[in-house]
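Below is the file my_file.cif, which contains mmCIF, C-alpha atoms and all ligand atoms.
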```cif
data_target
#
loop_
_atom_site.label_atom_id
_atom_site.label_comp_id
_atom_site.auth_asym_id
_atom_site.auth_seq_id
_atom_site.Cartn_x
_atom_site.Cartn_y
_atom_site.Cartn_z
CA MET D 1 -225.33 228.23 71.14
CA LYS D 2 -227.90 229.43 68.62
CA ARG D 3 -225.89 232.53 67.94
CA PHE D 4 -222.73 230.48 67.62
CA VAL D 5 -224.35 228.25 64.98
CA SER D 6 -225.69 231.12 62.90
CA VAL D 7 -222.32 232.90 62.94
CA LEU D 8 -220.74 229.68 61.78
CA VAL D 9 -223.26 229.23 58.95
CA LEU D 10 -222.88 232.83 57.90
CA SER D 11 -219.13 232.69 57.77
CA VAL D 12 -219.16 229.49 55.75
CA ALA D 13 -221.60 231.08 53.32
CA LEU D 14 -219.96 234.46 52.99
CA VAL D 15 -216.26 234.30 53.64
CA PRO D 16 -215.05 232.37 50.60
CA GLY D 17 -216.99 234.68 48.28
CA ALA D 18 -215.76 237.77 50.08
CA ALA D 19 -212.19 236.56 49.98
CA LEU D 20 -212.40 235.88 46.25
CA ALA D 21 -213.96 239.22 45.49
CA GLN D 22 -211.54 241.24 47.58
CA GLY D 23 -208.20 239.53 47.12
CA VAL D 24 -205.36 241.44 48.75
CA SER D 25 -204.77 245.13 48.98
CA GLU D 26 -202.91 246.81 46.13
CA GLU D 27 -201.77 249.56 48.47
CA PRO D 28 -198.34 249.54 50.08
CA ILE D 29 -198.54 248.61 53.77
CA GLY D 30 -195.08 248.99 55.32
CA ASN D 31 -192.87 252.02 54.90
CA LEU D 32 -189.78 251.73 52.69
CA ALA D 33 -187.35 251.30 55.60
CA GLU D 34 -189.46 248.38 56.89
CA LEU D 35 -189.45 246.80 53.42
CA MET D 36 -185.67 247.23 53.27
CA ARG D 37 -185.14 245.69 56.71
CA GLY D 38 -187.64 242.87 56.15
CA ILE D 39 -186.82 241.84 52.58
CA MET D 40 -183.71 243.50 51.14
CA PHE D 41 -181.40 243.38 54.15
CA VAL D 42 -181.99 239.79 55.29
CA ASN D 43 -182.03 238.28 51.82
CA ALA D 44 -179.04 240.22 50.50
CA ASN D 45 -177.09 238.97 53.54
CA LYS D 46 -177.99 235.40 52.61
CA LEU D 47 -176.63 236.01 49.10
CA PHE D 48 -173.44 237.55 50.52
CA ASP D 49 -173.08 234.41 52.68
CA ALA D 50 -173.49 232.33 49.52
CA GLN D 51 -170.62 234.26 47.96
CA ALA D 52 -168.39 233.64 50.97
CA VAL D 53 -168.97 229.89 51.27
CA GLU D 54 -170.26 227.51 48.60
CA PRO D 55 -173.88 226.62 49.49
CA GLY D 56 -174.48 223.07 50.66
CA THR D 57 -170.87 222.45 51.62
CA VAL D 58 -171.02 223.40 55.29
CA PRO D 59 -172.38 220.74 57.61
CA VAL D 60 -174.85 221.96 60.24
CA PRO D 61 -172.91 222.05 63.52
CA GLU D 62 -174.00 220.03 66.54
CA MET D 63 -174.89 222.31 69.46
CA ASP D 64 -175.07 221.66 73.17
CA SER D 65 -178.06 223.19 74.96
CA ASP D 66 -176.14 226.25 76.23
CA THR D 67 -175.02 227.11 72.71
CA ARG D 68 -178.53 226.54 71.37
CA ASP D 69 -179.93 228.92 74.03
CA ALA D 70 -177.33 231.54 73.11
CA VAL D 71 -178.17 231.26 69.41
CA SER D 72 -181.91 231.43 70.20
CA ALA D 73 -181.41 234.55 72.29
CA LEU D 74 -179.66 236.18 69.36
CA ILE D 75 -181.86 235.22 66.44
CA GLY D 76 -185.10 233.98 68.06
CA SER D 77 -186.13 230.47 69.03
CA ALA D 78 -188.22 229.54 65.98
CA SER D 79 -185.61 231.03 63.63
CA SER D 80 -182.77 229.11 65.23
CA ARG D 81 -184.78 225.88 65.55
CA PHE D 82 -185.70 225.87 61.89
CA ALA D 83 -182.52 227.49 60.57
CA ALA D 84 -181.23 224.27 59.03
CA ILE D 85 -184.37 223.30 57.07
CA TYR D 86 -183.72 225.19 53.86
CA ARG D 87 -179.96 225.51 54.16
CA GLY D 88 -177.89 225.31 51.00
CA TRP D 89 -179.18 225.99 47.50
CA PRO D 90 -182.93 226.25 48.37
CA GLU D 91 -182.13 229.05 50.80
CA VAL D 92 -180.07 230.89 48.17
CA ALA D 93 -182.84 230.53 45.58
CA GLY D 94 -185.45 231.74 48.08
CA ALA D 95 -183.36 234.80 48.96
CA ALA D 96 -182.79 235.62 45.29
CA ALA D 97 -186.51 235.24 44.47
CA SER D 98 -187.45 237.50 47.41
CA LEU D 99 -185.13 240.21 46.14
CA ALA D 100 -186.24 239.86 42.51
CA ASP D 101 -189.92 240.10 43.47
CA GLY D 102 -189.13 242.62 46.19
CA ALA D 103 -188.01 245.05 43.49
CA LYS D 104 -191.66 245.37 42.41
CA LEU D 105 -192.71 246.16 45.96
CA ALA D 106 -190.17 249.00 46.07
CA LEU D 107 -191.93 250.52 43.04
CA ILE D 108 -195.54 250.48 44.32
CA GLU D 109 -196.95 253.99 44.27
CA GLY D 110 -197.97 255.70 47.48
CA ARG D 111 -195.47 254.14 49.89
CA VAL D 112 -193.77 256.48 52.31
CA CYS D 113 -190.26 256.49 53.68
CA ASP D 114 -189.51 256.38 57.40
CA ASN D 115 -189.38 260.18 57.48
CA GLY D 116 -192.83 260.55 55.87
CA GLU D 117 -191.54 261.54 52.42
CA THR D 118 -193.25 259.78 49.52
CA VAL D 119 -191.00 257.16 47.91
CA PRO D 120 -189.74 258.71 44.63
CA VAL D 121 -191.08 255.89 42.42
CA ALA D 122 -191.26 258.09 39.31
CA ASP D 123 -187.56 259.10 39.43
CA ALA D 124 -185.43 257.58 36.66
CA ALA D 125 -182.51 256.78 39.01
CA TYR D 126 -184.83 255.11 41.52
CA ILE D 127 -186.54 253.03 38.81
CA GLU D 128 -183.14 252.04 37.41
CA GLY D 129 -182.03 250.82 40.86
CA ALA D 130 -185.13 248.62 41.13
CA ARG D 131 -184.63 247.33 37.59
CA LEU D 132 -181.01 246.43 38.33
CA LEU D 133 -182.12 244.64 41.49
CA GLU D 134 -184.72 242.59 39.63
CA GLU D 135 -182.29 241.70 36.83
CA SER D 136 -179.35 240.78 39.06
CA ALA D 137 -181.47 238.85 41.58
CA THR D 138 -183.16 236.95 38.72
CA ASN D 139 -179.71 235.98 37.43
CA ALA D 140 -178.79 234.85 40.95
CA LEU D 141 -182.03 232.82 41.15
CA ASN D 142 -181.36 231.08 37.83
CA ALA D 143 -177.79 230.27 38.86
CA ALA D 144 -178.97 228.98 42.26
CA ARG D 145 -181.51 226.69 40.59
CA GLU D 146 -178.63 225.23 38.56
CA GLU D 147 -176.44 225.09 41.70
CA ASN D 148 -173.92 227.14 39.79
CA TRP D 149 -171.72 228.82 42.37
CA ASP D 150 -169.71 230.91 39.90
CA GLY D 151 -172.95 232.19 38.40
CA VAL D 152 -174.35 233.14 41.83
CA TRP D 153 -171.06 234.80 42.73
CA GLU D 154 -171.07 236.95 39.63
CA ALA D 155 -174.77 237.88 39.91
CA VAL D 156 -174.48 238.86 43.57
CA ASN D 157 -171.86 241.51 42.72
CA TYR D 158 -174.52 243.17 40.59
CA VAL D 159 -177.14 242.79 43.33
CA ASN D 160 -174.80 244.77 45.56
CA GLU D 161 -174.44 247.42 42.87
CA SER D 162 -178.22 247.73 42.56
CA CYS D 163 -178.51 248.54 46.29
CA THR D 164 -175.79 251.18 45.95
CA HIS D 165 -177.42 252.64 42.85
CA CYS D 166 -180.42 253.73 44.93
CA HIS D 167 -178.71 254.35 48.23
CA LYS D 168 -176.09 256.80 46.94
CA THR D 169 -178.87 259.13 45.77
CA TYR D 170 -181.84 258.45 48.03
CA ARG D 171 -180.37 257.19 51.29
CA ASP D 172 -176.70 257.88 52.04
CA GLY D 173 -174.99 261.22 52.35
CA PRO D 174 -171.30 261.71 53.05
CA ASP D 175 -171.90 260.53 56.62
CA SER D 176 -174.07 257.66 55.28
CA ARG D 177 -177.13 258.81 57.28
CA GLN D 178 -177.96 261.98 55.36
CA GLU D 179 -181.40 263.50 55.89
CA PRO D 180 -183.74 264.12 54.34
CA ARG D 181 -183.80 260.78 52.60
CA CYS D 182 -186.05 259.93 49.65
CA GLN D 183 -185.85 263.34 47.93
CA SER D 184 -187.10 263.31 44.35
CA GLN D 185 -184.27 264.47 42.03
C1 LIG V 1 -185.10 251.19 44.27
C2 LIG V 1 -184.15 251.78 45.20
C3 LIG V 1 -183.51 250.90 46.25
C4 LIG V 1 -182.95 249.67 46.07
C5 LIG V 1 -182.80 248.88 44.78
C6 LIG V 1 -182.47 249.26 47.35
N1 LIG V 1 -182.73 250.20 48.31
FE1 LIG V 1 -182.40 250.02 50.31
N2 LIG V 1 -183.13 251.86 50.59
C7 LIG V 1 -183.64 252.71 49.62
C8 LIG V 1 -184.12 253.94 50.22
C9 LIG V 1 -184.71 255.11 49.50
C10 LIG V 1 -183.91 253.81 51.61
C11 LIG V 1 -184.33 254.78 52.73
C12 LIG V 1 -185.69 254.28 53.24
C13 LIG V 1 -186.31 255.08 54.36
O1 LIG V 1 -185.61 255.87 55.02
O2 LIG V 1 -187.54 254.88 54.59
C14 LIG V 1 -183.28 252.51 51.81
C15 LIG V 1 -182.89 252.02 53.03
C16 LIG V 1 -182.27 250.81 53.26
C17 LIG V 1 -181.86 250.32 54.54
C18 LIG V 1 -181.95 251.09 55.87
C19 LIG V 1 -183.29 250.92 56.54
C20 LIG V 1 -183.31 251.72 57.84
O3 LIG V 1 -183.22 251.10 58.90
O4 LIG V 1 -183.38 252.95 57.78
C21 LIG V 1 -181.29 249.09 54.35
C22 LIG V 1 -180.71 248.17 55.40
C23 LIG V 1 -181.36 248.81 52.93
N3 LIG V 1 -181.97 249.88 52.30
C24 LIG V 1 -180.88 247.65 52.33
C25 LIG V 1 -180.91 247.42 50.96
C26 LIG V 1 -180.24 246.33 50.30
C27 LIG V 1 -179.41 245.27 51.00
C28 LIG V 1 -180.50 246.46 48.96
C29 LIG V 1 -180.04 245.61 47.82
C30 LIG V 1 -180.31 244.21 47.90
C31 LIG V 1 -181.33 247.63 48.80
N4 LIG V 1 -181.55 248.20 50.01
C32 LIG V 1 -181.81 248.04 47.58
C33 LIG V 1 -183.73 252.44 48.26
C34 LIG V 1 -183.35 251.25 47.66
#
```

Before anything else, please render the file you have as structure tokens.
Ligand code: HEC
Amino acid sequence: MKRFVSVLVLSVALVPGAALAQGVSEEPIGNLAELMRGIMFVNANKLFDAQAVEPGTVPVPEMDSDTRDAVSALIGSASSRFAAIYRGWPEVAGAAASLADGAKLALIEGRVCDNGETVPVADAAYIEGARLLEESATNALNAAREENWDGVWEAVNYVNESCTHCHKTYRDGPDSRQEPRCQSQ
């Protein structure tokens, strides 16, 4: 009990100061493929969905328990349970903001690719891909905030181009899985 109390006192005294002083790491943590799967892939798909169907116009379907179980098995129970919360324009804006800010994360020095190569963050073509992503996703974000479907539609075409700008050089070969990826030009 004594020990428990002193640990408690210590942590109250020290942790807030330590947290303030340290902040978060400036080093990249995931590899580039993980960043792509976690941020670029999921959020770009949400923007492509927003191109296909006007956000906010599709009612959330009623599901019987078998259907709900099937959806949960596919996308995870928390994800399916909360899938409807930010549907519509807030979801589009969130996806666009993730991509716009995600462009910075793609440019952090010292990250590695899945194959262990260093991400070519100093290459002009790589930087241009990230810049195009930030610009196009910011345009999509502004259009989503105004609930302007035409604006989102237009901006998302450029988001798609930004992905291709990098992938054609640093990811995809003729067979679309060319190795080694991430070669500096
Ligand atoms: C700044 C350059 C750049 C931009 C912009 C970019 N990517 Fe990537 N992407 C890469 C590179 C390089 C790889 C290979 C990463 C690796 O193998 O570690 C990659 C890999 C991927 C992968 C495959 C991950 C795997 O499983 O191997 C996906 C999916 C992906 N990107 C999606 C996207 C989407 C969607 C966009 C646009 C919204 C995008 N990327 C924008 C450079 C970029």

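Residues in contact with ligand LIG 1 (chain V) comprise D:Leu32, D:Ala33, D:Met36, D:Arg37, D:Met40, D:Phe41, D:Ala44, D:Ala106, D:Cys113, D:Asp114, D:Tyr126, D:Ile127, D:Gly129, D:Ala130, D:Leu133, D:Val159, D:Asn160, D:Ser162, D:Cys163, D:Cys166, D:His167, D:Tyr170, D:Arg171, D:Arg181, D:Cys182, where contact means an atom-to-atom distance of at most 6 Å counting only C-alpha atoms and all ligand atoms.
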
Exercise. Of the residues D:Glu154, D:Glu27, D:Glu146, D:Glu91, which is the one nearest to Val42 in chain D, using only C-alpha atoms?
Worked result: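 Of the candidates, the smallest distance to Val42 in chain D is held by D:Glu91.
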
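Candidate residues D:Val53, D:Ala95, D:Val112, D:Ala100 were compared for distance to Glu135 in chain D, and the nearest is D:Ala100, using all atoms listed in the file.
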
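Of note, CA of Gln183 in chain D and CA of Asn157 in chain D are spaced 26.4 Å apart.
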
Problem set entry | Atom pair CA of Gly151 in chain D / CA of Gln51 in chain D: separation (Å) | 10.1 Å

Exercise. Pick the closest to Pro55 in chain D from D:Asp150, D:Glu117, D:Glu134, D:Asp123: which is it, counting only C-alpha atoms?
Worked result: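 Under the stated criterion, the closest residue is D:Asp150.
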
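Residues surrounding Trp153 in chain D within 10 Å are D:Leu47, D:Phe48, D:Ala50, D:Gln51, D:Ala52, D:Glu54, D:Ala140, D:Ala143, D:Ala144 [all atoms listed in the file; sequence separation below 6 positions excluded].
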
Problem set entry | Best match for closeness to His165 in chain D among D:Val152, D:Ala21, D:Leu107, D:Leu132, counting all atoms listed in the file | D:Leu132

For this session: Record the distance separating CA of Arg81 in chain D and CA of Ser65 in chain D, expressed in Å with one decimal.
Result: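 Between CA of Arg81 in chain D and CA of Ser65 in chain D the gap is 11.9 Å.
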
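Closest approach to Asp49 in chain D among D:Ile85, D:Glu34, D:Asn139, D:Trp149: D:Trp149, based on only C-alpha atoms.
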
Exercise. Of the candidates D:Ile75, D:Ala96, D:Ala103, D:Val60, which one gets nearest to Ala155 in chain D if we count only C-alpha atoms?
Worked result: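 Ranked by minimum distance to Ala155 in chain D, first place goes to D:Ala96.
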
Problem set entry | Distance query Gly56 in chain D at most 9 Å, only C-alpha atoms, self and fewer than 6 positions along chain excluded, as an NGL selection string | :D and (87-89)
